[in-house]
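*Asks:* Contents of model_8.cif (mmCIF, C-alpha atoms):
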data_input
#
loop_
_atom_site.group_PDB
_atom_site.id
_atom_site.type_symbol
_atom_site.label_atom_id
_atom_site.label_comp_id
_atom_site.auth_asym_id
_atom_site.auth_seq_id
_atom_site.Cartn_x
_atom_site.Cartn_y
_atom_site.Cartn_z
ATOM 1 C CA MET A 8 -27.698 -8.986 -11.505
ATOM 2 C CA PRO A 9 -24.789 -6.749 -12.477
ATOM 3 C CA TYR A 10 -21.374 -7.645 -11.128
ATOM 4 C CA LYS A 11 -20.112 -5.289 -8.429
ATOM 5 C CA PHE A 12 -16.427 -4.532 -8.616
ATOM 6 C CA PRO A 13 -14.514 -4.155 -5.349
ATOM 7 C CA ARG A 14 -14.040 -0.626 -4.081
ATOM 8 C CA LEU A 15 -10.292 -0.610 -4.377
ATOM 9 C CA GLN A 16 -8.256 2.033 -2.587
ATOM 10 C CA PHE A 17 -5.209 0.721 -4.409
ATOM 11 C CA ASP A 18 -5.544 -0.879 -7.848
ATOM 12 C CA ARG A 19 -2.506 -3.166 -7.917
ATOM 13 C CA THR A 20 -2.855 -3.753 -11.676
ATOM 14 C CA LYS A 21 -1.818 -0.150 -12.351
ATOM 15 C CA TYR A 22 1.502 -0.429 -10.545
ATOM 16 C CA LEU A 23 4.848 -2.160 -10.954
ATOM 17 C CA SER A 24 6.750 -3.450 -7.938
ATOM 18 C CA LEU A 25 10.463 -2.718 -7.629
ATOM 19 C CA ASN A 26 11.165 -6.353 -8.486
ATOM 20 C CA GLU A 27 9.092 -6.168 -11.688
ATOM 21 C CA ALA A 28 10.674 -2.857 -12.679
ATOM 22 C CA PHE A 29 14.150 -4.308 -12.019
ATOM 23 C CA HIS A 30 13.457 -7.204 -14.395
ATOM 24 C CA SER A 31 12.038 -4.963 -17.144
ATOM 25 C CA VAL A 32 14.995 -2.580 -16.967
ATOM 26 C CA GLY A 33 17.394 -5.530 -17.050
ATOM 27 C CA CYS A 34 15.736 -6.818 -20.216
ATOM 28 C CA PHE A 35 16.185 -3.596 -22.141
ATOM 29 C CA MET A 36 19.678 -2.861 -20.780
ATOM 30 C CA PHE A 37 21.016 -6.355 -21.522
ATOM 31 C CA PRO A 38 18.755 -7.850 -24.222
ATOM 32 C CA ASP A 39 21.299 -10.516 -25.188
ATOM 33 C CA GLU A 40 22.704 -11.443 -21.766
ATOM 34 C CA TRP A 41 19.772 -11.094 -19.346
ATOM 35 C CA THR A 42 18.832 -14.422 -17.724
ATOM 36 C CA GLY A 43 16.326 -13.361 -15.047
ATOM 37 C CA LEU A 44 18.538 -14.835 -12.319
ATOM 38 C CA GLU A 45 20.488 -11.624 -11.749
ATOM 39 C CA ILE A 46 18.249 -10.522 -8.865
ATOM 40 C CA ALA A 47 19.706 -13.324 -6.704
ATOM 41 C CA SER A 48 23.336 -13.118 -7.853
ATOM 42 C CA TRP A 49 25.820 -12.159 -5.186
ATOM 43 C CA PRO A 50 29.342 -13.434 -5.928
ATOM 44 C CA GLU A 51 32.099 -13.300 -3.376
ATOM 45 C CA HIS A 52 34.634 -12.182 -5.971
ATOM 46 C CA THR A 53 34.869 -10.100 -9.097
ATOM 47 C CA ARG A 54 35.857 -11.683 -12.399
ATOM 48 C CA GLU A 55 39.451 -10.513 -11.904
ATOM 49 C CA ALA A 56 39.588 -11.963 -8.391
ATOM 50 C CA LEU A 57 38.184 -15.269 -9.642
ATOM 51 C CA ARG A 58 40.846 -15.527 -12.324
ATOM 52 C CA GLN A 59 43.555 -14.598 -9.819
ATOM 53 C CA GLU A 60 42.287 -17.245 -7.402
ATOM 54 C CA LYS A 61 42.240 -19.855 -10.172
ATOM 55 C CA ASP A 62 45.825 -18.988 -11.146
ATOM 56 C CA ARG A 63 46.928 -18.997 -7.500
ATOM 57 C CA LEU A 64 45.464 -22.446 -6.832
ATOM 58 C CA HIS A 65 47.120 -23.869 -9.944
ATOM 59 C CA GLU A 66 50.449 -22.392 -8.856
ATOM 60 C CA VAL A 67 50.097 -23.836 -5.338
ATOM 61 C CA ALA A 68 49.242 -27.239 -6.789
ATOM 62 C CA ARG A 69 52.261 -27.069 -9.099
ATOM 63 C CA THR A 70 54.760 -26.039 -6.397
ATOM 64 C CA THR A 71 53.492 -28.552 -3.808
ATOM 65 C CA GLN A 72 53.718 -31.352 -6.393
ATOM 66 C CA GLN A 73 57.256 -30.263 -7.271
ATOM 67 C CA ARG A 74 58.174 -30.335 -3.581
ATOM 68 C CA LEU A 75 56.644 -33.812 -3.218
ATOM 69 C CA ASP A 76 58.500 -35.120 -6.298
ATOM 70 C CA ALA A 77 61.801 -33.725 -4.986
ATOM 71 C CA LEU A 78 61.347 -35.418 -1.591
ATOM 72 C CA LYS A 79 60.472 -38.696 -3.293
ATOM 73 C CA ARG A 80 63.752 -38.523 -5.220
ATOM 74 C CA ASP A 81 65.680 -37.660 -2.071
ATOM 75 C CA ILE A 82 64.202 -40.467 -0.002
ATOM 76 C CA HIS A 83 64.812 -43.040 -2.699
ATOM 77 C CA SER A 84 68.403 -41.899 -3.083
ATOM 78 C CA SER A 85 69.103 -41.941 0.656
ATOM 79 C CA HIS A 86 71.754 -44.544 1.646
ATOM 80 C CA ASP A 87 71.229 -44.778 5.362
ATOM 81 C CA GLN A 88 68.363 -45.241 7.807
ATOM 82 C CA GLU A 89 68.978 -41.911 9.513
ATOM 83 C CA SER A 90 68.475 -39.958 6.274
ATOM 84 C CA TYR A 91 65.358 -41.980 5.468
ATOM 85 C CA ASP A 92 63.858 -41.386 8.921
ATOM 86 C CA SER A 93 64.452 -37.637 8.681
ATOM 87 C CA LEU A 94 62.970 -37.341 5.207
ATOM 88 C CA TYR A 95 59.919 -39.559 5.684
ATOM 89 C CA PRO A 96 57.900 -37.105 7.876
ATOM 90 C CA LEU A 97 58.659 -34.351 5.382
ATOM 91 C CA LEU A 98 57.451 -36.604 2.571
ATOM 92 C CA GLU A 99 54.147 -37.351 4.356
ATOM 93 C CA ARG A 100 53.479 -33.651 5.033
ATOM 94 C CA ALA A 101 54.332 -32.794 1.415
ATOM 95 C CA ARG A 102 52.014 -35.564 0.168
ATOM 96 C CA THR A 103 49.170 -34.149 2.315
ATOM 97 C CA LYS A 104 49.769 -30.608 1.071
ATOM 98 C CA ALA A 105 49.892 -31.762 -2.548
ATOM 99 C CA ASP A 106 46.663 -33.744 -2.161
ATOM 100 C CA LEU A 107 44.883 -30.767 -0.581
ATOM 101 C CA ALA A 108 46.161 -28.361 -3.242
ATOM 102 C CA ARG A 109 45.145 -30.718 -6.062
ATOM 103 C CA SER A 110 41.674 -31.176 -4.502
ATOM 104 C CA ALA A 111 41.208 -27.411 -4.039
ATOM 105 C CA THR A 112 42.167 -26.795 -7.664
ATOM 106 C CA HIS A 113 39.802 -29.501 -8.876
ATOM 107 C CA GLU A 114 36.843 -28.235 -6.810
ATOM 108 C CA PHE A 115 37.416 -24.640 -7.844
ATOM 109 C CA GLY A 116 37.628 -25.682 -11.477
ATOM 110 C CA ARG A 117 34.298 -27.478 -11.240
ATOM 111 C CA SER A 118 32.560 -24.323 -9.984
ATOM 112 C CA PHE A 119 34.620 -21.770 -11.896
ATOM 113 C CA ASP A 120 32.292 -21.395 -14.882
ATOM 114 C CA SER A 121 29.144 -21.051 -12.759
ATOM 115 C CA ARG A 122 30.832 -18.626 -10.376
ATOM 116 C CA MET A 123 32.078 -16.622 -13.330
ATOM 117 C CA ARG A 124 28.551 -16.479 -14.762
ATOM 118 C CA ASP A 125 27.257 -15.399 -11.364
ATOM 119 C CA SER A 126 29.901 -12.693 -11.250
ATOM 120 C CA LEU A 127 28.803 -11.395 -14.651
ATOM 121 C CA GLY A 128 25.184 -11.540 -13.495
ATOM 122 C CA PHE A 129 26.111 -9.530 -10.431
ATOM 123 C CA GLU A 130 27.678 -6.875 -12.621
ATOM 124 C CA ARG A 131 24.427 -6.652 -14.620
ATOM 125 C CA LYS A 132 22.482 -6.514 -11.361
ATOM 126 C CA GLN A 133 24.573 -3.571 -10.146
ATOM 127 C CA ALA A 134 24.105 -1.720 -13.442
ATOM 128 C CA VAL A 135 20.313 -2.133 -13.335
ATOM 129 C CA GLU A 136 20.069 -1.158 -9.671
ATOM 130 C CA SER A 137 22.145 1.940 -10.375
ATOM 131 C CA LYS A 138 19.828 2.918 -13.256
ATOM 132 C CA VAL A 139 16.630 2.543 -11.207
ATOM 133 C CA CYS A 140 18.117 4.096 -8.069
ATOM 134 C CA MET A 141 19.139 7.135 -10.110
ATOM 135 C CA ALA A 142 15.564 7.444 -11.407
ATOM 136 C CA ILE A 143 14.337 7.337 -7.798
ATOM 137 C CA ARG A 144 16.944 9.814 -6.615
ATOM 138 C CA LYS A 145 16.230 12.319 -9.399
ATOM 139 C CA VAL A 146 12.464 11.641 -9.128
ATOM 140 C CA ASP A 147 12.359 10.709 -12.808
ATOM 141 C CA LEU A 148 10.013 8.011 -11.533
ATOM 142 C CA GLU A 149 7.565 8.738 -8.740
ATOM 143 C CA THR A 150 7.867 6.145 -6.005
ATOM 144 C CA TYR A 151 4.744 5.080 -4.141
ATOM 145 C CA LEU A 152 5.041 3.802 -0.587
ATOM 146 C CA ASN A 153 2.035 2.460 1.268
ATOM 147 C CA PHE A 154 0.072 3.449 -1.841
ATOM 148 C CA GLY A 155 0.699 7.161 -1.272
ATOM 149 C CA THR A 156 3.376 9.079 -3.119
ATOM 150 C CA VAL A 157 6.280 10.422 -1.084
ATOM 151 C CA CYS A 158 8.543 11.049 -4.049
ATOM 152 C CA GLY A 159 9.244 14.620 -2.957
ATOM 153 C CA ALA A 160 11.313 13.343 -0.046
ATOM 154 C CA MET A 161 13.268 10.737 -1.978
ATOM 155 C CA ASN A 162 16.027 13.058 -3.132
ATOM 156 C CA GLU A 163 16.575 14.001 0.528
ATOM 157 C CA TRP A 164 16.566 10.432 1.809
ATOM 158 C CA THR A 165 18.677 8.577 -0.764
ATOM 159 C CA ASP A 166 21.971 9.815 0.714
ATOM 160 C CA HIS A 167 20.908 8.992 4.264
ATOM 161 C CA ARG A 168 22.794 6.062 5.808
ATOM 162 C CA GLU A 169 19.527 4.440 6.966
ATOM 163 C CA PHE A 170 17.872 4.619 3.528
ATOM 164 C CA LYS A 171 17.816 1.185 1.882
ATOM 165 C CA ILE A 172 16.242 -0.334 -1.231
ATOM 166 C CA SER A 173 15.558 -4.045 -1.756
ATOM 167 C CA PHE A 174 14.725 -4.912 -5.351
ATOM 168 C CA SER A 175 14.409 -8.625 -4.582
ATOM 169 C CA HIS A 176 11.758 -8.000 -1.907
ATOM 170 C CA SER A 177 10.333 -4.767 -3.409
ATOM 171 C CA TYR A 178 10.587 -2.578 -0.332
ATOM 172 C CA ILE A 179 12.243 0.660 0.747
ATOM 173 C CA VAL A 180 13.488 1.489 4.247
ATOM 174 C CA THR A 181 12.988 5.183 4.959
ATOM 175 C CA PRO A 182 15.054 7.167 7.484
ATOM 176 C CA GLN A 183 11.822 8.665 8.821
ATOM 177 C CA ASN A 184 9.011 6.790 10.509
ATOM 178 C CA LEU A 185 5.906 6.868 8.310
ATOM 179 C CA GLY A 186 2.662 5.546 9.714
ATOM 180 C CA GLY A 187 4.399 3.712 12.531
ATOM 181 C CA ARG A 188 6.985 1.924 10.392
ATOM 182 C CA ARG A 189 10.025 2.502 8.226
ATOM 183 C CA LYS A 190 9.915 -0.503 5.878
ATOM 184 C CA HIS A 191 7.409 -0.038 3.053
ATOM 185 C CA ARG A 192 6.421 -1.857 -0.113
ATOM 186 C CA ALA A 193 7.389 0.340 -3.058
ATOM 187 C CA TYR A 194 5.839 0.694 -6.509
ATOM 188 C CA PHE A 195 6.012 2.694 -9.729
ATOM 189 C CA LEU A 196 2.920 3.720 -11.651
ATOM 190 C CA LYS A 197 2.877 1.571 -14.798
ATOM 191 C CA SER A 198 1.980 4.442 -17.107
ATOM 192 C CA ALA A 199 4.837 6.543 -15.694
ATOM 193 C CA PHE A 200 7.250 3.641 -15.982
ATOM 194 C CA GLU A 201 6.218 3.062 -19.604
ATOM 195 C CA LYS A 202 6.859 6.711 -20.386
ATOM 196 C CA TRP A 203 10.257 6.635 -18.674
ATOM 197 C CA ALA A 204 11.183 3.417 -20.483
ATOM 198 C CA ALA A 205 10.123 4.749 -23.898
ATOM 199 C CA GLN A 206 13.721 5.641 -24.765
ATOM 200 C CA TYR A 207 14.629 1.956 -24.447
ATOM 201 C CA GLN A 208 11.512 0.640 -26.156
ATOM 202 C CA GLU A 209 13.271 -0.877 -29.152
ATOM 203 C CA SER A 210 15.107 -3.360 -26.949
ATOM 204 C CA LEU A 211 12.363 -3.766 -24.373
ATOM 205 C CA SER A 212 9.730 -4.787 -26.917
ATOM 206 C CA ASP A 213 11.559 -8.075 -27.547
ATOM 207 C CA PHE A 214 10.659 -9.182 -24.056
ATOM 208 C CA ARG A 215 6.957 -8.247 -24.073
ATOM 209 C CA THR A 216 4.538 -10.986 -23.070
ATOM 210 C CA THR A 217 1.348 -8.907 -23.326
ATOM 211 C CA SER A 218 -0.416 -7.817 -26.501
ATOM 212 C CA LEU A 219 -0.196 -4.297 -27.866
ATOM 213 C CA GLN A 220 -3.943 -3.837 -27.347
ATOM 214 C CA ASP A 221 -3.743 -4.871 -23.685
ATOM 215 C CA ASP A 222 -0.878 -2.469 -23.041
ATOM 216 C CA LEU A 223 -2.782 0.311 -24.809
ATOM 217 C CA ILE A 224 -5.797 -0.302 -22.548
ATOM 218 C CA ARG A 225 -3.609 -0.171 -19.435
ATOM 219 C CA TRP A 226 -1.980 3.025 -20.662
ATOM 220 C CA PHE A 227 -5.371 4.605 -21.416
ATOM 221 C CA LYS A 228 -6.782 3.691 -17.998
ATOM 222 C CA GLY A 229 -3.776 5.233 -16.286
ATOM 223 C CA VAL A 230 -4.083 8.441 -18.295
ATOM 224 C CA ALA A 231 -7.831 8.596 -17.638
ATOM 225 C CA ALA A 232 -7.335 8.196 -13.883
ATOM 226 C CA GLU A 233 -4.682 10.914 -13.822
ATOM 227 C CA LEU A 234 -6.732 13.390 -15.869
ATOM 228 C CA ASN A 235 -9.855 12.708 -13.826
ATOM 229 C CA ARG A 236 -7.970 13.728 -10.700
ATOM 230 C CA THR A 237 -7.120 17.065 -12.300
ATOM 231 C CA GLY A 238 -10.641 17.548 -13.689
ATOM 232 C CA GLU A 239 -9.533 17.688 -17.325
ATOM 233 C CA ARG A 240 -11.799 16.564 -20.185
ATOM 234 C CA PRO A 241 -9.614 15.816 -23.213
ATOM 235 C CA THR A 242 -10.983 15.166 -26.673
ATOM 236 C CA ARG A 243 -10.344 11.970 -28.581
ATOM 237 C CA THR A 244 -7.850 13.906 -30.745
ATOM 238 C CA ALA A 245 -6.007 15.136 -27.647
ATOM 239 C CA ILE A 246 -5.735 11.559 -26.324
ATOM 240 C CA LEU A 247 -4.367 10.436 -29.681
ATOM 241 C CA GLU A 248 -1.696 13.136 -29.474
ATOM 242 C CA MET A 249 -0.847 12.091 -25.911
ATOM 243 C CA CYS A 250 -0.579 8.501 -27.082
ATOM 244 C CA SER A 251 1.949 9.420 -29.752
ATOM 245 C CA SER A 252 4.203 11.050 -27.168
ATOM 246 C CA SER A 253 3.769 8.951 -24.006
ATOM 247 C CA PHE A 254 2.629 5.429 -24.975
ATOM 248 C CA SER A 255 5.894 3.498 -25.132
ATOM 249 C CA ARG A 256 4.709 1.016 -27.808
ATOM 250 C CA PHE A 257 3.301 3.683 -30.128
ATOM 251 C CA LEU A 258 5.758 2.908 -32.924
ATOM 252 C CA GLU A 259 4.726 -0.757 -32.959
ATOM 253 C CA ALA A 260 1.170 0.072 -34.068
ATOM 254 C CA PRO A 261 0.626 0.332 -37.839
ATOM 255 C CA ASP A 262 -2.584 2.328 -37.219
ATOM 256 C CA ILE A 263 -2.767 3.608 -33.652
ATOM 257 C CA LYS A 264 -6.041 5.434 -34.260
ATOM 258 C CA LYS A 265 -7.714 2.192 -35.283
ATOM 259 C CA LEU A 266 -6.553 0.585 -32.049
ATOM 260 C CA LEU A 267 -7.409 3.575 -29.892
ATOM 261 C CA ASP A 268 -10.990 4.085 -31.128
ATOM 262 C CA PRO A 269 -12.491 0.977 -29.443
ATOM 263 C CA VAL A 270 -10.482 1.694 -26.279
ATOM 264 C CA TRP A 271 -11.998 5.190 -26.188
ATOM 265 C CA GLU A 272 -15.500 3.830 -26.674
ATOM 266 C CA LEU A 273 -15.126 1.238 -23.940
ATOM 267 C CA TYR A 274 -13.093 3.027 -21.288
ATOM 268 C CA ALA A 275 -13.397 6.800 -21.761
ATOM 269 C CA PRO A 276 -15.427 8.469 -18.970
ATOM 270 C CA ARG A 277 -18.873 9.609 -20.112
ATOM 271 C CA GLU A 278 -17.953 13.221 -19.336
ATOM 272 C CA TRP A 279 -15.223 13.076 -21.982
ATOM 273 C CA LYS A 280 -17.620 11.841 -24.630
ATOM 274 C CA ARG A 281 -20.062 14.661 -23.868
ATOM 275 C CA GLY A 282 -17.360 17.149 -24.722
ATOM 276 C CA GLY A 283 -17.904 19.110 -21.522
ATOM 277 C CA LYS A 284 -21.632 19.723 -22.074
ATOM 278 C CA PRO A 285 -23.984 19.513 -19.077
ATOM 279 C CA ALA A 286 -25.322 16.046 -18.497
ATOM 280 C CA LYS A 287 -28.910 15.352 -19.476
ATOM 281 C CA PRO A 288 -31.207 13.168 -17.392
ATOM 282 C CA THR A 289 -31.724 10.858 -20.379
ATOM 283 C CA ASP A 290 -27.969 10.324 -20.577
ATOM 284 C CA VAL A 291 -27.726 8.864 -17.118
#
Using C-alpha cells, write down the structure that the file contains.
*Replies:*
Amino acid sequence: MPYKFPRLQFDRTKYLSLNEAFHSVGCFMFPDEWTGLEIASWPEHTREALRQEKDRLHEVARTTQQRLDALKRDIHSSHDQESYDSLYPLLERARTKADLARSATHEFGRSFDSRMRDSLGFERKQAVESKVCMAIRKVDLETYLNFGTVCGAMNEWTDHREFKISFSHSYIVTPQNLGGRRKHRAYFLKSAFEKWAAQYQESLSDFRTTSLQDDLIRWFKGVAAELNRTGERPTRTAILEMCSSSFSRFLEAPDIKKLLDPVWELYAPREWKRGGKPAKPTDV
C-alpha cells in the first residue's frame, strides 16, 4: 500500500524561522566570534561602561582603604581617652566602608570577563538584528506571517511604534489586527533566504551541517513550487542556469550538472519532463 503524505497547507521544511535566520546571519557576519549564545545576551552596560565601573570600584576601594589606614594611625597616636572615643566610631564606619568597597571590587572582578563577553555578544546581536530588520524593511526578504505573505505592508509597519520583532521567539507584532490577532509567527522562504545570503556564502559555508546534495534538493523543490504557481515549464537547461545564479552553494560543486541530473529525475514535475507536450493516457 503506497504511503500517503499529509496534505500540508504549510510545509515547514521549506521555511526558516526568524530565530534560525538570525543564527545563520550571525555565522556569516562573525565567522570567528559567533558563539550561538548571542540571541540571549542582554548586558546592562556597554564595554566602555563596564571598564569605567571597574575603574570606579577600584578607586573607591583605594580611597576607603586610605581613609581607614589614616584613622588607624590617628587612633593609635591619640594620647587621651577623649580623642580615642571620638575617633573610634569614625574608624568603625571607615572599616565597614572599606570592607564593602573591597567586596564589591572582588565580586565585580569575578564577573567582569563574563559580563564583558556578554557585552561583546550583545553588540554582535545588535548588528545581526539590524541586518535582518533592514532586509525586512526593504522587502529584500519576503516575510511570511500565519503562512501567508504580507511583505507588501512591512515597509509601512516597521516605523510604527507598535511594530515589534522577536528573534528569540520568532514572532512579529503588527500594528494592524490580522485574523483576530497581532502577534504572528514569522518565517522566510528558505530558497529566498539562500539567494539573499549568497553574497555571504564564502563565510556561511563553514557553518553548514547539511550536505550539498540535500541543500540542492531543497533549493530545487522551492524553485519547482514557485514556478508551478506561475504555470511555467522550464527545461533542464533553464534550471541549470537558474541554479548557477540563485543556488547559494553553486560554487562548492565541482560538477553541478552531475548533481542536478538525479534531482531533476526524482523531483521535477512530469509536465516539465514532457516539455510542454499534451499528456498521453499511457503517461499517466
*Asks:* Can you pull out every residue within 10 Å of stretch 96-108 of chain A, counting only C-alpha atoms, but drop anything in the same chain fewer than 5 positions away, and send it as a list in words?
*Replies:*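 Close residues of stretch 96-108 of chain A: Leu64, His65, Glu66, Val67, Ala68, Arg69, Thr70, Thr71, Gln72, Gln73, Arg74, Leu75, Asp76, Ala77, Leu78, Lys79, Asp81, Ile82, Tyr91, His113 and Glu114 of chain A.
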*Asks:* Name all residues at most 12 Å from A:Ser252 (count only C-alpha atoms; drop same-chain ones fewer than 4 positions away) and give them as a list in words.
*Replies:*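 Within the cut-off, the hits are Glu201, Lys202, Trp203, Ala205, Gln206, Ala245, Ile246, Leu247, Glu248, Arg256, Phe257 and Leu258 of chain A.
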*Asks:* In Å, with one decimal, what is the gap from atom CA of A:Asp147 to atom CA of A:His191?
*Replies:*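 These two atoms are separated by 19.8 Å.
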*Asks:* Measure the distance from atom CA of A:Pro13 to atom CA of A:Ala28 in Å and round it to one decimal.
*Replies:*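 If I compute the distance from atom CA of A:Pro13 to atom CA of A:Ala28, I get 26.3 Å.
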*Asks:* Quick one: axis-aligned box around all listed atoms of stretch 228-246 of chain A, 8 Å on every side, centre and edge lengths in Å to one decimal, written as lines of an AutoDock Vina configuration file.
*Replies:*
center_x = -7.8
center_y = 10.7
center_z = -20.7
size_x = 24.0
size_y = 30.0
size_z = 36.0
*Asks:* At a cut-off of 10 Å around the point (6.1, -4.1, -9.9) (file coordinates), what residues fall inside when counting all atoms listed in the file? I'd like the answer as a list in words.
*Replies:* Arg19, Thr20, Lys21, Tyr22, Leu23, Ser24, Leu25, Asn26, Glu27, Ala28, Phe29, His30, Ser31, Phe174, Ser177, Ala193, Tyr194, Phe195, Leu196, Lys197 and Phe200 of chain A
